[in-house]
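Heads up, the thing below is written out as structure tokens.
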Amino acid sequence: DPIPGAGAPNDVMALESTTPSGSWTPVSWLDYRDFRKYLRSFDDLAASYPVSLALGDAARPERVRAELVSGNFFDVLRVRPTLGQFFDARLDDAPGSQPLAIISHGLWQSRWHGDTAVIGQVVEINRFPFTIAGVEPKSFHGSLPGEDVQLWVPATMVGQIMPTVSSLLRDRDWRTFRVLARVAAGHTQRAAADEVRRFGTFMSTVNGGRSKGMSAILLPIWRSHWGIQDGL
């Protein structure tokens with residue numbers, strides 16, 4: 001599967017911004033929000049920012065691979081929790097209000113020994129307290145091919161755990177997100193790609209100096225530029 005553990009994974013594609021020279025670049029949070037609001041060829045679009053985070057208190061921190069994600073991330077990928085619940089898409093409209101974390105099945109086993117009482121427990125992530133809301137199914141390892149992601153937190157909590165980059169939620173020039181787009185039934189991938197390109201070019205005009213000459217492309221997951229890498 002393009003994204004192991006996702007439901008109907010062949011309908012999920014990568015949406016990337018392109019620079020005036022035609023090279024790829026990650027998508028800014030504000031551009032992602034506009035893509036999600038206005039594009040019509042998709043059931044929905046989700047965003048992910050791959051990072052490493054410190055899990056646990058200062059005495060025993062554990063460095064883990066993580067994704068900062070939009071609230072609808074798991075809905076778009078059609079992943080259901082093994083335990084507990086996942087995020088609500090509405091949290092994207094209230095930055096800083098939802099200190100909730102989702103853990104991988106592997107992390108649940110290794111750190112909590114599969115204890116079902118893990119739901120509701122508080123754990124420090126980058127020294128900020130989060131409540132564990134859900135556990136991933138064993139088959140899901142995140143959205144990055146070849147990566148084994150262990151932790152997911154809302155992108156809107158970036159100000160609490162990564163305060164030096166908190167302006168990325170407000171700055172259209174801060175391009176850090178991978179965008180996953182689920183093509184809607186009745187729409188071809190080619191037509192969806194055409195809409196993405198047209199709207200990306202339109203946005204570059206509307207946003208003037210911020211995005212001049214930029215556009216956007218739609219690619220199969222295996223052709224996207226994140227691939228197997230160490231992240232950011």
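We label chains A, B, ... in the order they appear in the structure tokens, count residues from 1 in each chain, and number ligands from 1 in the order shown.
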Please provide the set of residues having any atom within 10 Å of A:Ile221, restricted to only C-alpha atoms, with same-chain residues fewer than 6 positions apart removed, written as a list in words.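 So the residues in contact are Asp1, Pro2, Ile3, Pro9, Asn10, Asp11, Val12, Met13, Ala14, Leu15, Ser143, Leu144, Pro145, Leu180, Ala181 and Gly227 of chain A.
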Write out as a count of residues only each polymer residue whose atoms come within 8 Å of stretch 155-163 of chain A, counting only C-alpha atoms; drop sequence neighbours fewer than 5 positions from it. 19
In Å and to one decimal, atom CA of A:Val196 is distant from atom CA of A:Tyr32 by 11.6 Å
Q | One-decimal distance in Å that lies between atom CA of A:Val76 and atom CA of A:Ala46 | A |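 Separating atom CA of A:Ala46 from atom CA of A:Val76 is a distance of 6.4 Å.
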Original post:
Please, which residues of stretch 107-145 of chain A, numbered as in this document, come out strand (DSSP E or B) from DSSP, as a PyMOL selection string?
Top reply: chain A and resi 122-125+128-135
For the selection just defined, write its residues with N, CA, C and O atoms to a file, as a PDB file, in the first residue's frame.
```pdb
ATOM      1  N   VAL A 122      -1.441  11.288  31.586  1.00  0.00           N
ATOM      2  CA  VAL A 122      -0.751  12.501  31.162  1.00  0.00           C
ATOM      3  C   VAL A 122       0.732  12.196  31.002  1.00  0.00           C
ATOM      4  O   VAL A 122       1.332  11.538  31.851  1.00  0.00           O
ATOM      5  N   VAL A 123       1.298  12.653  29.893  1.00  0.00           N
ATOM      6  CA  VAL A 123       2.716  12.450  29.629  1.00  0.00           C
ATOM      7  C   VAL A 123       3.297  13.762  29.113  1.00  0.00           C
ATOM      8  O   VAL A 123       2.601  14.532  28.431  1.00  0.00           O
ATOM      9  N   GLU A 124       4.550  14.027  29.452  1.00  0.00           N
ATOM     10  CA  GLU A 124       5.185  15.247  28.957  1.00  0.00           C
ATOM     11  C   GLU A 124       5.751  15.020  27.556  1.00  0.00           C
ATOM     12  O   GLU A 124       6.403  14.012  27.291  1.00  0.00           O
ATOM     13  N   ILE A 125       5.462  15.971  26.673  1.00  0.00           N
ATOM     14  CA  ILE A 125       6.028  15.976  25.328  1.00  0.00           C
ATOM     15  C   ILE A 125       6.720  17.322  25.160  1.00  0.00           C
ATOM     16  O   ILE A 125       6.073  18.373  25.252  1.00  0.00           O
ATOM     17  N   PHE A 128       5.880  19.626  27.950  1.00  0.00           N
ATOM     18  CA  PHE A 128       4.508  20.142  28.085  1.00  0.00           C
ATOM     19  C   PHE A 128       3.573  18.962  28.294  1.00  0.00           C
ATOM     20  O   PHE A 128       3.672  17.949  27.603  1.00  0.00           O
ATOM     21  N   PRO A 129       2.638  19.055  29.271  1.00  0.00           N
ATOM     22  CA  PRO A 129       1.761  17.909  29.564  1.00  0.00           C
ATOM     23  C   PRO A 129       0.685  17.677  28.501  1.00  0.00           C
ATOM     24  O   PRO A 129      -0.043  18.595  28.133  1.00  0.00           O
ATOM     25  N   PHE A 130       0.621  16.446  28.040  1.00  0.00           N
ATOM     26  CA  PHE A 130      -0.398  16.013  27.078  1.00  0.00           C
ATOM     27  C   PHE A 130      -1.168  14.832  27.668  1.00  0.00           C
ATOM     28  O   PHE A 130      -0.601  14.022  28.404  1.00  0.00           O
ATOM     29  N   THR A 131      -2.418  14.707  27.306  1.00  0.00           N
ATOM     30  CA  THR A 131      -3.236  13.559  27.695  1.00  0.00           C
ATOM     31  C   THR A 131      -3.287  12.567  26.538  1.00  0.00           C
ATOM     32  O   THR A 131      -3.572  12.956  25.393  1.00  0.00           O
ATOM     33  N   ILE A 132      -3.009  11.322  26.822  1.00  0.00           N
ATOM     34  CA  ILE A 132      -3.071  10.283  25.773  1.00  0.00           C
ATOM     35  C   ILE A 132      -4.530   9.969  25.475  1.00  0.00           C
ATOM     36  O   ILE A 132      -5.287   9.550  26.356  1.00  0.00           O
ATOM     37  N   ALA A 133      -4.909  10.198  24.222  1.00  0.00           N
ATOM     38  CA  ALA A 133      -6.310  10.038  23.837  1.00  0.00           C
ATOM     39  C   ALA A 133      -6.573   8.741  23.099  1.00  0.00           C
ATOM     40  O   ALA A 133      -7.690   8.212  23.143  1.00  0.00           O
ATOM     41  N   GLY A 134      -5.556   8.216  22.403  1.00  0.00           N
ATOM     42  CA  GLY A 134      -5.811   7.029  21.598  1.00  0.00           C
ATOM     43  C   GLY A 134      -4.546   6.259  21.267  1.00  0.00           C
ATOM     44  O   GLY A 134      -3.431   6.757  21.425  1.00  0.00           O
ATOM     45  N   VAL A 135      -4.752   5.022  20.818  1.00  0.00           N
ATOM     46  CA  VAL A 135      -3.664   4.137  20.389  1.00  0.00           C
ATOM     47  C   VAL A 135      -3.937   3.719  18.951  1.00  0.00           C
ATOM     48  O   VAL A 135      -5.054   3.322  18.601  1.00  0.00           O
TER      49      VAL A 135
END
```
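Our summary of the geometry notes that atom CA of A:Ala117 is positioned 25.4 Å from atom CA of A:Ser52.
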Q.
Among stretch 14-222 of chain A, which residues does DSSP mark as helix (DSSP H, G or I) when it is run on the backbone? Keep the chain and numbering as in the structure and answer as an MDAnalysis selection string.
A. chainID A and resid 29:38 73:77 89:93 105:112 116:118 155:161 163:169 189:206 208:210 221:222
All residues 12 Å or closer to A:Glu62, only C-alpha atoms, same chain fewer than 3 positions away omitted, as number ranges by chain:
A: 52-59, 65-66, 107, 110-111, 123-127, 150-151
Extract, using only C-alpha atoms, all DNA, RNA and protein residues at most 9 Å from A:Glu195, discarding same-chain residues fewer than 3 positions from it, and format them as a ChimeraX atom specification. /A:39-41,190-192,198-200
Keeping only C-alpha atoms, write the selected residues to a file as a PDB file, in the first residue's frame.
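To be explicit, this is the file written out as selection-v1.pdb:
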```pdb
ATOM      1  CA  LEU A  39     -10.631  22.535  -3.636  1.00  0.00           C
ATOM      2  CA  ARG A  40     -13.627  20.491  -4.785  1.00  0.00           C
ATOM      3  CA  SER A  41     -12.035  17.320  -6.199  1.00  0.00           C
ATOM      4  CA  ARG A 190      -6.050  13.821 -13.628  1.00  0.00           C
ATOM      5  CA  ALA A 191      -8.979  16.223 -13.134  1.00  0.00           C
ATOM      6  CA  ALA A 192      -8.025  16.647  -9.480  1.00  0.00           C
ATOM      7  CA  ARG A 198      -5.144  25.994 -11.438  1.00  0.00           C
ATOM      8  CA  PHE A 199      -5.901  26.899  -7.828  1.00  0.00           C
ATOM      9  CA  GLY A 200      -2.221  26.927  -6.860  1.00  0.00           C
TER      10      GLY A 200
END
```
